[in-house]
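What follows is the content of data.txt (compact mmCIF, C-alpha atoms and all ligand atoms).
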```
# COMPACT_ATOMS: atom_id res chain seq x y z
CA MET A 199 -9.18 -125.86 233.57
CA ARG A 200 -9.58 -125.85 229.76
CA LEU A 201 -7.06 -127.92 227.82
CA SER A 202 -4.48 -126.28 225.56
CA THR A 203 -4.99 -126.95 221.84
CA PRO A 204 -2.07 -129.45 221.64
CA GLU A 205 -3.38 -131.46 224.59
CA PHE A 206 -6.97 -131.26 223.31
CA ARG A 207 -5.76 -132.80 220.03
CA ALA A 208 -3.67 -135.43 221.82
CA MET A 209 -6.72 -136.48 223.86
CA GLN A 210 -8.61 -137.29 220.62
CA SER A 211 -5.75 -139.35 219.20
CA LEU A 212 -5.57 -143.06 218.45
CA PRO A 213 -2.67 -143.68 220.89
CA ARG A 214 -4.74 -142.12 223.71
CA ARG A 215 -7.66 -144.41 222.89
CA LEU A 216 -5.49 -147.50 222.60
CA GLY A 217 -3.94 -146.73 225.99
CA GLN A 218 -7.31 -146.29 227.61
CA ARG A 219 -8.79 -149.42 226.02
CA PHE A 220 -5.95 -151.92 226.27
CA PHE A 221 -4.09 -150.70 229.34
CA GLU A 222 -5.98 -148.38 231.69
CA VAL A 223 -9.43 -149.98 231.79
CA PRO A 224 -8.01 -153.54 232.01
CA MET A 225 -5.74 -152.36 234.85
CA PHE A 226 -8.67 -150.81 236.72
CA ARG A 227 -10.56 -154.09 236.25
CA ARG A 228 -7.67 -156.04 237.74
CA MET A 229 -7.73 -153.56 240.62
CA GLY A 230 -11.39 -154.37 241.32
CA LEU A 231 -13.51 -152.24 238.94
CA ASN A 232 -16.85 -154.02 238.69
CA LEU A 233 -19.81 -151.98 237.48
CA ASP A 234 -22.61 -154.56 237.69
CA ASN A 235 -25.72 -152.78 238.92
CA LYS A 236 -23.71 -149.64 239.73
CA ASP A 237 -24.48 -145.94 239.19
CA VAL A 238 -21.30 -144.46 237.74
CA LEU A 239 -20.03 -140.89 237.50
CA GLU A 240 -17.05 -140.07 235.27
CA ILE A 241 -15.21 -136.83 236.08
CA GLY A 242 -13.54 -135.11 233.09
CA CYS A 243 -15.05 -137.40 230.47
CA GLY A 244 -13.41 -135.55 227.57
CA SER A 245 -14.83 -136.52 224.17
CA GLY A 246 -16.48 -139.65 225.51
CA TYR A 247 -14.23 -142.61 224.77
CA GLY A 248 -14.06 -143.41 228.50
CA ALA A 249 -17.88 -143.43 228.50
CA PHE A 250 -17.83 -146.00 225.71
CA LEU A 251 -15.39 -148.23 227.62
CA ILE A 252 -17.19 -147.84 230.94
CA ASN A 253 -20.53 -148.68 229.33
CA GLU A 254 -19.06 -151.89 227.89
CA LEU A 255 -18.95 -152.97 231.56
CA GLN A 256 -22.75 -152.51 231.72
CA PRO A 257 -23.32 -150.23 234.70
CA LYS A 258 -26.87 -149.55 235.86
CA SER A 259 -26.40 -145.89 234.89
CA TYR A 260 -23.64 -143.59 233.66
CA VAL A 261 -23.15 -139.80 233.68
CA GLY A 262 -19.98 -138.14 232.37
CA LEU A 263 -19.12 -134.51 233.00
CA ASP A 264 -16.49 -132.12 231.73
CA ILE A 265 -15.88 -128.39 232.06
CA MET A 266 -15.12 -127.86 228.33
CA ASP A 267 -18.17 -127.41 226.15
CA GLU A 268 -16.16 -128.54 223.06
CA GLN A 269 -15.38 -131.84 224.77
CA VAL A 270 -18.98 -132.45 225.84
CA GLU A 271 -20.29 -131.53 222.37
CA LEU A 272 -17.93 -134.12 220.85
CA ALA A 273 -18.94 -136.69 223.47
CA ARG A 274 -22.64 -136.13 222.75
CA LYS A 275 -22.01 -136.38 218.99
CA ASN A 276 -19.83 -139.51 219.29
CA TYR A 277 -21.99 -141.31 221.84
CA PRO A 278 -25.56 -139.92 221.78
CA GLN A 279 -26.74 -142.93 223.79
CA PHE A 280 -24.89 -141.77 226.95
CA GLN A 281 -25.53 -138.87 229.30
CA PHE A 282 -23.01 -135.99 229.48
CA LEU A 283 -23.03 -132.69 231.37
CA ILE A 284 -21.00 -129.50 230.99
CA GLN A 285 -20.04 -129.09 234.63
CA ASP A 286 -17.11 -128.01 236.79
CA ALA A 287 -16.08 -131.00 238.88
CA GLU A 288 -15.50 -128.70 241.87
CA ASP A 289 -19.28 -128.33 242.01
CA LEU A 290 -21.20 -131.60 241.86
CA SER A 291 -24.46 -129.98 242.99
CA PRO A 292 -26.44 -131.70 240.17
CA PHE A 293 -25.87 -134.92 242.18
CA ALA A 294 -27.52 -135.67 245.51
CA ASN A 295 -25.58 -136.83 248.56
CA GLU A 296 -24.81 -140.58 248.48
CA SER A 297 -26.35 -141.03 245.02
CA ARG A 298 -23.54 -142.81 243.07
CA ASP A 299 -21.74 -146.12 243.61
CA VAL A 300 -18.56 -145.51 241.61
CA ALA A 301 -16.62 -142.48 240.36
CA VAL A 302 -13.97 -142.82 237.65
CA ILE A 303 -11.22 -140.34 236.76
CA PHE A 304 -8.87 -140.82 233.82
CA GLY A 305 -6.17 -138.18 234.36
CA VAL A 306 -8.08 -135.04 235.32
CA LEU A 307 -7.18 -133.78 238.83
CA HIS A 308 -3.78 -132.49 237.70
CA HIS A 309 -5.74 -130.00 235.54
CA ILE A 310 -7.71 -128.60 238.47
CA PRO A 311 -5.97 -126.30 240.98
CA GLY A 312 -8.96 -126.83 243.31
CA TRP A 313 -8.61 -130.63 243.12
CA ARG A 314 -9.23 -131.05 246.86
CA LYS A 315 -12.76 -129.69 246.37
CA VAL A 316 -13.31 -132.32 243.64
CA ILE A 317 -12.28 -135.13 246.01
CA ASP A 318 -14.59 -133.76 248.71
CA GLU A 319 -17.49 -133.44 246.26
CA ILE A 320 -16.94 -137.03 245.10
CA ALA A 321 -16.99 -138.16 248.75
CA ARG A 322 -20.30 -136.35 249.19
CA VAL A 323 -22.02 -137.95 246.18
CA LEU A 324 -20.67 -141.47 246.71
CA LYS A 325 -22.68 -143.90 248.78
CA THR A 326 -20.99 -145.27 251.90
CA GLY A 327 -18.63 -147.97 250.69
CA GLY A 328 -18.62 -146.44 247.20
CA CYS A 329 -15.38 -146.41 245.21
CA LEU A 330 -13.23 -143.94 243.32
CA PHE A 331 -11.02 -145.32 240.52
CA LEU A 332 -8.45 -142.67 239.81
CA GLU A 333 -5.37 -142.38 237.61
CA GLU A 334 -3.01 -139.42 237.50
CA PRO A 335 0.53 -138.71 236.22
CA ARG A 336 3.49 -137.80 238.43
CA GLY A 337 4.56 -134.15 238.60
CA VAL A 338 7.79 -134.97 236.78
CA ASP A 339 5.85 -136.45 233.84
CA ILE A 340 3.52 -133.44 233.69
CA LYS A 341 6.57 -131.16 233.47
CA ALA A 342 8.09 -133.36 230.75
CA PHE A 343 4.93 -133.25 228.64
CA ASP A 344 4.75 -129.46 229.05
CA ALA A 345 8.39 -129.08 227.98
CA LEU A 346 8.15 -131.49 225.05
CA PHE A 347 4.65 -130.84 223.71
CA ARG A 348 3.68 -127.43 225.20
CA TRP A 349 0.61 -128.86 226.89
CA GLY A 350 0.60 -126.01 229.42
CA HIS A 351 -0.80 -127.53 232.60
CA PRO A 352 -1.97 -125.06 235.27
CA ASP A 353 0.12 -124.02 238.27
CA SER A 354 -1.07 -126.24 241.06
CA ASP A 355 0.22 -127.97 244.17
CA PHE A 356 -1.20 -131.24 242.80
CA GLY A 357 1.17 -134.19 243.15
CA LEU A 358 0.76 -137.86 244.01
CA ASN A 359 2.22 -137.48 247.52
CA THR A 360 -0.03 -134.50 248.22
CA LEU A 361 -3.02 -136.38 246.84
CA GLU A 362 -2.33 -139.44 248.98
CA LYS A 363 -1.86 -137.37 252.14
CA PHE A 364 -5.13 -135.57 251.46
CA VAL A 365 -7.27 -138.65 250.78
CA PHE A 366 -5.93 -140.41 253.90
CA TYR A 367 -6.54 -137.26 255.96
CA ARG A 368 -10.12 -137.25 254.68
CA GLY A 369 -10.57 -140.90 255.70
CA TRP A 370 -10.59 -142.71 252.35
CA THR A 371 -9.35 -146.31 252.36
CA LEU A 372 -6.72 -147.34 249.83
CA VAL A 373 -7.89 -150.67 248.39
CA HIS A 374 -5.26 -150.91 245.65
CA LYS A 375 -2.50 -148.76 244.17
CA LYS A 376 -0.56 -149.54 241.03
CA TRP A 377 2.40 -147.55 239.75
CA THR A 378 2.87 -147.66 235.96
CA PRO A 379 5.39 -145.69 233.88
CA LEU A 380 3.07 -142.80 232.94
CA LEU A 381 0.18 -143.05 235.36
CA THR A 382 -0.34 -144.09 238.96
CA MET A 383 -3.66 -145.81 239.48
CA TYR A 384 -5.74 -145.94 242.66
CA HIS A 385 -8.78 -147.81 243.90
CA LEU A 386 -10.07 -145.82 246.86
CA GLN A 387 -13.10 -146.58 248.99
CA LYS A 388 -15.21 -144.07 250.92
C1 LIG A 401 -6.20 -134.80 230.23
S1 LIG A 401 -7.88 -134.59 229.78
C2 LIG A 401 -8.47 -136.25 230.02
C3 LIG A 401 -9.75 -136.51 229.24
C4 LIG A 401 -10.24 -137.96 229.34
N1 LIG A 401 -10.59 -138.30 230.70
C5 LIG A 401 -9.20 -138.91 228.80
O1 LIG A 401 -8.63 -139.67 229.59
O2 LIG A 401 -8.94 -138.89 227.62
C6 LIG A 401 -8.54 -133.75 231.18
C7 LIG A 401 -10.03 -133.44 231.05
O3 LIG A 401 -10.47 -132.80 232.26
C8 LIG A 401 -11.34 -131.77 231.93
N2 LIG A 401 -11.37 -130.81 233.03
C9 LIG A 401 -10.40 -129.92 233.39
N3 LIG A 401 -10.81 -129.21 234.45
C10 LIG A 401 -12.05 -129.65 234.78
C11 LIG A 401 -12.98 -129.30 235.78
N4 LIG A 401 -12.72 -128.33 236.69
N5 LIG A 401 -14.15 -129.96 235.82
C12 LIG A 401 -14.43 -130.94 234.92
N6 LIG A 401 -13.59 -131.31 233.94
C13 LIG A 401 -12.40 -130.67 233.88
C14 LIG A 401 -10.76 -131.20 230.64
O4 LIG A 401 -11.68 -130.43 229.91
C15 LIG A 401 -10.35 -132.48 229.92
O5 LIG A 401 -11.37 -133.01 229.12
```

Here is a file; write its structure as structure tokens.
Amino acid sequence: MRLSTPEFRAMQSLPRRLGQRFFEVPMFRRMGLNLDNKDVLEIGCGSGYGAFLINELQPKSYVGLDIMDEQVELARKNYPQFQFLIQDAEDLSPFANESRDVAVIFGVLHHIPGWRKVIDEIARVLKTGGCLFLEEPRGVDIKAFDALFRWGHPDSDFGLNTLEKFVFYRGWTLVHKKWTPLLTMYHLQK
């Protein structure tokens, strides 16, 4: 779903970037993120700062996608050296079965009422043994941000318990989980 204007602005802010650079990516690395010789797909790449950080880890290839054309236009302007697509993550048909090694999500599934379809599409495009690095907020934090900052998240049954039940039901392996005050982070393996 498209971001509200306040959240769109917050996603371009310095605090968001500092969090991603000095906390989230280092945490994923401690949880096993290693992109040497890997084909990487980022879901909900926003304006591209995640692409910049992921590419510092020197993957073999990188593609970022986002449903908002404004986000992808910014990403292309900010980082013309990387590949970005305007694409709904519920439909990963531009990617062949078992074509990517790693998928990365920085806080996106809670924006997508059809988040189960996204997980299933990621499972389809990941190679056997491929990994999903995923971070999402708790429902209570989403409600707090909506009340405080009018971010206006969509009505959805998304929640961390629901997510965990679904990925286990679908046969993913939990390699590592880390709770942090605003985001819970997962390393899942297909
Ligand atoms: C909270 S922002 C996070 C952006 C970026 N990953 C970051 O951490 O700064 C969520 C992003 O998901 C994108 N998004 C929402 N629904 C989507 C969908 N169905 N498919 C792809 N991207 C989607 C939004 O446009 C937005 O850029």

Checklist entry - For ligand LIG 401 (chain A), which of A:Ile310, A:Ile252, A:Val270, A:Val300 is the closest residue, counting all atoms listed in the file? => result A:Ile310

Checklist entry - What do you get as a PyMOL selection string if you pick all residues at most 6 Å from ligand LIG 401 (chain A), counting all atoms listed in the file? => result chain A and resi 199-201+209+242-244+264-266+285-288+304-306+309-310

Checklist outcome for this item: Between A:Asn359, A:Ser211, A:Gln387, A:Gln269, smallest distance to His374 of chain A by only C-alpha atoms belongs to A:Gln387

Item to check | Straight-line distance linking atom CA of Gly262 of chain A with atom CA of Met383 of chain A, stated in Å to one decimal | outcome: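 Answer for the atom CA of Gly262 of chain A to atom CA of Met383 of chain A separation: 19.4 Å.
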
Checklist entry - If we count all atoms listed in the file, what is near Arg368 of chain A at a cut-off of 9 Å, once residues fewer than 4 positions away on the same chain are taken out, given as a PyMOL selection string? => result chain A and resi 318+363-364

Next on the checklist: List the spatial neighbours of segment 223-239 of chain A as a list in words - criterion: any atom at most 6 Å away, only C-alpha atoms, same-chain residues fewer than 2 positions off excluded.
Outcome noted: Gln218, Arg219, Phe221, Pro257, Lys258, Ser259, Tyr260, Val261, Gly262, Arg298, Asp299, Val300 and Ala301 of chain A

Item to check | Which of A:Tyr277, A:Leu324, A:Lys375, A:Glu362 sits closest to Asn253 of chain A [using only C-alpha atoms] | outcome: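 When distances to Asn253 of chain A are compared using only C-alpha atoms, the smallest one comes from A:Tyr277.
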
Checklist entry - Excluding same-chain residues fewer than 5 positions from Glu205 of chain A, what lies within 10 Å of it counting all atoms listed in the file, as a list in words? => result Arg200, Gln210, Ser211, Phe343, Asp344, Phe347, Arg348, Trp349, Gly350 and His351 of chain A

Next on the checklist: If I take atom CA of Trp377 of chain A and atom CA of Asp353 of chain A, how far is one from the other in Å, to one decimal?
Outcome noted: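 That distance, rounded to one decimal, is 23.7 Å.
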
Checklist entry - Which residue gives the smallest distance to Ala342 of chain A among A:Phe356, A:Leu307, A:Leu380, A:Asn276, with all atoms listed in the file counted? => result A:Leu380

Item to check | Counting all atoms listed in the file, the residue of A:Phe331, A:Tyr367, A:Tyr247, A:Phe220 that sits nearest Ile303 of chain A | outcome: A:Phe331

Checklist entry - So which one's closest to Pro352 of chain A, A:His308, A:Pro292, A:Leu283, A:Arg207? Using all atoms listed in the file, please. => result A:His308

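Here atom CA of Val323 of chain A is placed at a distance of 25.6 Å from atom CA of Glu268 of chain A.
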
Need to verify the contact set: Pro379 of chain A, 12 Å, only C-alpha atoms, exclusion of same-chain residues closer than 6 positions in sequence. Can you return it as a PDB file with C-alpha atoms, in the frame of the given file?
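Output file part.pdb follows:
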```
ATOM      1  CA  PHE A 221      -4.090-150.700 229.340  1.00  0.00           C
ATOM      2  CA  GLU A 222      -5.980-148.380 231.690  1.00  0.00           C
ATOM      3  CA  GLU A 333      -5.370-142.380 237.610  1.00  0.00           C
ATOM      4  CA  GLU A 334      -3.010-139.420 237.500  1.00  0.00           C
ATOM      5  CA  PRO A 335       0.530-138.710 236.220  1.00  0.00           C
ATOM      6  CA  ARG A 336       3.490-137.800 238.430  1.00  0.00           C
ATOM      7  CA  VAL A 338       7.790-134.970 236.780  1.00  0.00           C
ATOM      8  CA  ASP A 339       5.850-136.450 233.840  1.00  0.00           C
TER       9      ASP A 339
END
```

Checklist entry - Got a sec to check which residues sit within 7 Å of (-2.4, -124.0, 245.2), counting all atoms listed in the file, and write them as a ChimeraX atom specification? => result /A:311,354-355
